[in-house]
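Student: Here you go, data05.cif (mmCIF, C-alpha atoms):
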data_final
#
loop_
_atom_site.label_atom_id
_atom_site.label_comp_id
_atom_site.auth_asym_id
_atom_site.auth_seq_id
_atom_site.Cartn_x
_atom_site.Cartn_y
_atom_site.Cartn_z
CA MET A 216 112.36 116.81 279.62
CA LYS A 217 109.73 118.93 281.26
CA VAL A 218 106.58 119.58 279.22
CA PHE A 219 103.66 121.90 279.84
CA PHE A 220 100.32 120.35 278.79
CA GLY A 221 97.28 122.58 278.38
CA ALA A 222 93.68 121.90 277.43
CA ALA A 223 90.23 123.38 278.04
CA ILE A 224 88.73 122.68 281.45
CA GLN A 225 86.22 125.48 282.06
CA GLY A 226 84.54 125.76 278.65
CA LYS A 227 83.60 122.11 278.33
CA GLN A 228 80.09 120.84 278.91
CA ASP A 229 81.54 118.96 281.87
CA ARG A 230 85.03 118.09 283.06
CA VAL A 231 84.64 114.44 282.06
CA GLU A 232 83.97 115.27 278.40
CA ARG A 233 87.66 115.21 277.34
CA LEU A 234 89.10 113.23 280.25
CA GLU A 235 89.86 110.11 278.21
CA ILE A 236 91.81 111.94 275.50
CA ASN A 237 93.64 114.23 277.95
CA THR A 238 94.62 111.21 280.04
CA ALA A 239 95.92 109.42 276.94
CA LEU A 240 97.90 112.48 275.82
CA ILE A 241 99.48 113.04 279.23
CA GLN A 242 100.37 109.35 279.39
CA ALA A 243 101.94 109.62 275.92
CA ILE A 244 104.12 112.46 277.22
CA LYS A 245 105.15 110.38 280.23
CA ASP A 246 105.83 107.35 278.02
CA THR A 247 108.67 109.32 276.40
CA GLY A 248 110.31 109.71 279.82
CA SER A 249 109.21 113.34 280.07
CA THR A 250 107.51 114.95 283.05
CA VAL A 251 104.35 117.04 282.88
CA ALA A 252 104.42 120.37 284.72
CA SER A 253 100.83 119.98 285.95
CA GLU A 254 98.12 117.39 285.37
CA HIS A 255 95.25 119.60 286.56
CA VAL A 256 93.32 119.07 283.30
CA LEU A 257 92.55 115.53 284.53
CA GLY A 258 90.24 116.69 287.32
CA THR A 259 86.69 115.48 286.74
CA ASN A 260 85.20 118.14 289.00
CA PHE A 261 86.22 121.35 290.75
CA ASN A 262 87.58 119.57 293.85
CA GLU A 263 89.68 117.09 291.85
CA THR A 264 91.06 119.89 289.70
CA THR A 265 91.99 121.84 292.85
CA SER A 266 93.68 118.76 294.33
CA LEU A 267 95.72 118.22 291.14
CA LEU A 268 96.66 121.90 291.08
CA GLU A 269 97.82 121.66 294.69
CA GLN A 270 100.03 118.68 293.77
CA ALA A 271 101.80 120.95 291.29
CA LEU A 272 101.64 124.25 293.20
CA GLY A 273 101.28 123.49 296.89
CA THR A 274 98.38 124.44 299.14
CA LEU A 275 96.01 126.97 297.63
CA PRO A 276 93.79 129.47 299.45
CA PRO A 277 90.02 128.89 299.52
CA ALA A 278 88.03 129.44 296.32
CA GLY A 279 87.87 133.10 295.39
CA MET A 280 89.83 135.83 293.69
CA GLU A 281 93.08 135.23 295.59
CA ARG A 282 93.19 131.59 294.44
CA THR A 283 92.19 132.57 290.89
CA VAL A 284 95.10 135.01 290.65
CA ILE A 285 97.56 132.51 292.15
CA VAL A 286 96.52 129.76 289.72
CA ARG A 287 96.62 132.08 286.70
CA ASN A 288 100.06 133.37 287.63
CA ALA A 289 101.34 129.85 288.30
CA MET A 290 100.20 128.58 284.89
CA ILE A 291 101.97 131.51 283.22
CA ALA A 292 105.06 130.87 285.37
CA PHE A 293 105.10 127.24 284.20
CA ILE A 294 104.94 128.33 280.56
CA GLU A 295 107.52 131.07 280.96
CA GLY A 296 109.68 128.91 283.21
CA ASP A 297 112.03 126.01 282.82
CA ILE A 298 110.16 123.82 280.34
CA ASP A 299 111.51 122.16 277.22
CA ALA A 300 108.27 122.07 275.22
CA ALA A 301 104.55 122.75 275.38
CA ILE A 302 101.69 120.63 274.08
CA PHE A 303 98.11 121.86 273.87
CA GLU A 304 94.93 119.98 272.99
CA VAL A 305 92.85 122.64 271.21
CA SER A 306 89.71 120.78 270.08
CA ILE A 307 87.53 122.82 272.46
CA PRO A 308 87.77 126.62 272.35
CA SER A 309 89.28 127.99 275.54
CA LEU A 310 90.26 131.53 276.45
CA GLY A 311 92.66 130.23 279.09
CA THR A 312 94.35 127.77 276.75
CA GLY A 313 94.63 130.51 274.13
CA ILE A 314 96.43 132.77 276.62
CA GLU A 315 98.76 129.90 277.56
CA ILE A 316 99.54 129.26 273.88
CA ALA A 317 100.31 132.95 273.33
CA HIS A 318 102.69 133.00 276.29
CA ALA A 319 104.41 129.90 274.92
CA TYR A 320 105.01 131.19 271.40
CA LEU A 321 105.81 134.74 272.53
CA ARG A 322 108.61 133.59 274.86
CA PRO A 323 111.34 134.94 272.53
CA ARG A 324 109.72 138.40 272.60
CA MET A 325 110.08 138.28 276.40
CA ASN A 326 113.78 137.35 276.08
CA LEU A 327 113.00 133.77 277.07
CA LYS A 328 114.28 130.67 275.31
CA GLU A 329 112.11 129.62 272.38
CA ILE A 330 110.46 126.24 272.94
CA PRO A 331 108.83 123.82 270.50
CA ILE A 332 105.03 123.86 270.71
CA LEU A 333 102.61 121.20 269.51
CA LEU A 334 98.90 121.96 269.06
CA LEU A 335 96.64 118.93 268.66
CA TYR A 336 93.16 119.19 267.18
CA GLN A 337 90.74 116.28 266.86
CA LYS A 338 89.40 116.34 263.31
CA ASP A 339 85.75 117.45 263.10
CA TYR A 340 85.36 117.53 266.89
CA TRP A 341 84.18 121.12 267.21
CA PRO A 342 81.35 122.08 264.84
CA ASN A 343 82.95 125.42 263.91
CA ASN A 344 86.43 123.94 263.50
CA LEU A 345 89.42 125.86 264.85
CA SER A 346 89.37 129.59 265.42
CA SER A 347 91.32 131.88 263.12
CA MET A 348 93.51 132.78 266.10
CA ILE A 349 94.80 129.19 266.21
CA ARG A 350 94.51 128.11 262.57
CA GLY A 351 96.08 131.43 261.52
CA LEU A 352 99.33 130.89 263.41
CA THR A 353 102.06 130.76 260.78
CA LEU A 354 105.75 129.94 260.87
CA GLU A 355 106.40 133.69 260.64
CA SER A 356 104.43 134.36 263.82
CA ALA A 357 105.39 131.20 265.70
CA SER A 358 108.36 129.48 264.12
CA SER A 359 108.52 126.68 266.68
CA LEU A 360 104.84 125.77 266.54
CA ALA A 361 103.25 122.77 264.81
CA LEU A 362 99.52 122.16 264.44
CA LYS A 363 98.52 118.52 263.96
CA GLU A 364 95.01 117.31 263.22
CA TYR A 365 94.34 113.80 264.48
CA SER A 366 91.58 111.29 263.82
CA SER A 367 92.17 108.92 266.74
CA PRO A 368 93.85 108.98 270.16
CA GLU A 369 96.51 106.61 268.78
CA GLU A 370 97.38 109.10 266.05
CA ALA A 371 97.63 111.95 268.58
CA LYS A 372 99.87 109.83 270.80
CA ARG A 373 102.10 109.09 267.80
CA PHE A 374 102.33 112.83 267.06
CA ILE A 375 103.40 113.44 270.67
CA ALA A 376 106.05 110.72 270.56
CA GLU A 377 107.46 112.05 267.27
CA PHE A 378 107.39 115.65 268.53
CA LEU A 379 109.14 114.89 271.83
CA HIS A 380 111.68 112.67 270.06
CA MET A 381 112.51 115.65 267.83
CA VAL A 382 112.73 117.95 270.87
CA ALA A 383 115.10 115.54 272.62
CA LYS A 384 117.43 115.59 269.62
CA LYS A 385 117.87 119.38 269.78
#
Write out the structure in this file as structure tokens.

Tutor:
Amino acid sequence: MKVFFGAAIQGKQDRVERLEINTALIQAIKDTGSTVASEHVLGTNFNETTSLLEQALGTLPPAGMERTVIVRNAMIAFIEGDIDAAIFEVSIPSLGTGIEIAHAYLRPRMNLKEIPILLLYQKDYWPNNLSSMIRGLTLESASSLALKEYSSPEEAKRFIAEFLHMVAKK
């Protein structure tokens, strides 16, 4: 199975802040035998993130608007493309991750195959909790979406394994 994994990278205090959990979650996806569309969220700085993006996308132009547009369009193409599921770590608010989530759950409105979506939130991580735009997603608005609150990386990894096992059965 091919899985898109998304998480905040720009809005964090630094790119190392969530590296450990994102690494564990991506490894949990791989442990199921699935592939991850892009591992760019594991970059600890701008250059590492660019290098990881280039592994998924090929050579990118120099920093600037052209590269920004290419990367944005490529992330949307991954989500609207040939993936079997999407998993997002949403403990840190992120405009980019929010747009990716919307593209994932709106696939049927674009005449694309509906995919299962898992949102993971670390309990009490963000002082203001989840935004209404995420917490307010209902089965009526996103029938294939599940939001799971986890207390430890092990629990989040278990949620991923259960989720992808369910996806594989479909």

Student: Would you list the contacts of stretch 359-363 of chain A as a PyMOL selection string, taking every protein, DNA or RNA residue within 9 Å and counting only C-alpha atoms, but skipping same-chain residues closer than 5 positions in sequence?

Tutor: chain A and resi 320+329-337+349-350+352-354+371+374

Student: For the provided coordinates, the residues matched by the PyMOL selection byres ((chain A and resi 288-294) around 12) should be stated as a ChimeraX atom specification.

Tutor: /A:217-222,251-256,268-269,271-273,275,281-287,295-303,311-322,325,327-332

Student: Closest to A:Gln242 among A:Arg230, A:Ala357, A:Ala223, A:Leu257, using only C-alpha atoms?

Tutor: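 Going through A:Arg230, A:Ala357, A:Ala223, A:Leu257 one by one, the smallest distance to A:Gln242 is for A:Leu257.
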
Student: Calculate how many Å separate atom CA of A:Lys245 from atom CA of A:Arg373, rounding to one decimal.

Tutor: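 Separating atom CA of A:Lys245 from atom CA of A:Arg373 is a distance of 12.9 Å.
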
Student: Give me, please, the distance in Å between atom CA of A:Met348 and atom CA of A:His380, quoted to one decimal.

Tutor: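 Those two atoms sit 27.4 Å apart.
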
Student: Give as a list in words the set of residues within 12 Å of the point (86.4, 124.1, 265.8), where distances use the file's coordinates and all atoms listed in the file.

Tutor: Glu304, Val305, Ser306, Ile307, Pro308, Ser309, Leu335, Tyr336, Gln337, Lys338, Asp339, Tyr340, Trp341, Pro342, Asn343, Asn344, Leu345, Ser346, Ser347, Met348, Ile349, Arg350 and Glu364 of chain A

Student: Any idea what the distance is between atom CA of A:Pro276 and atom CA of A:Thr250?

Tutor: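 Answer for the atom CA of A:Pro276 to atom CA of A:Thr250 separation: 25.8 Å.
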
Student: Which residues come within 10 Å of A:Ala243, counting all atoms listed in the file, excluding same-chain residues fewer than 3 positions away, as a list in words?

Tutor: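 Counting only the stated atoms, we get Asn237, Thr238, Ala239, Leu240, Asp246, Thr247, Gly248, Ser249, Pro368, Glu369, Ala371, Lys372, Arg373, Phe374, Ile375, Ala376 and Leu379 of chain A.
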
Student: Set up a box along x, y and z of the file covering all listed atoms of stretch 344-354 of chain A, add 8 Å on every one of the six sides, and write the centre and edge lengths in Å to one decimal, as AutoDock Vina command-line options.

Tutor:
--center_x 96.1 --center_y 128.4 --center_z 263.5 --size_x 35.3 --size_y 24.8 --size_z 21.4
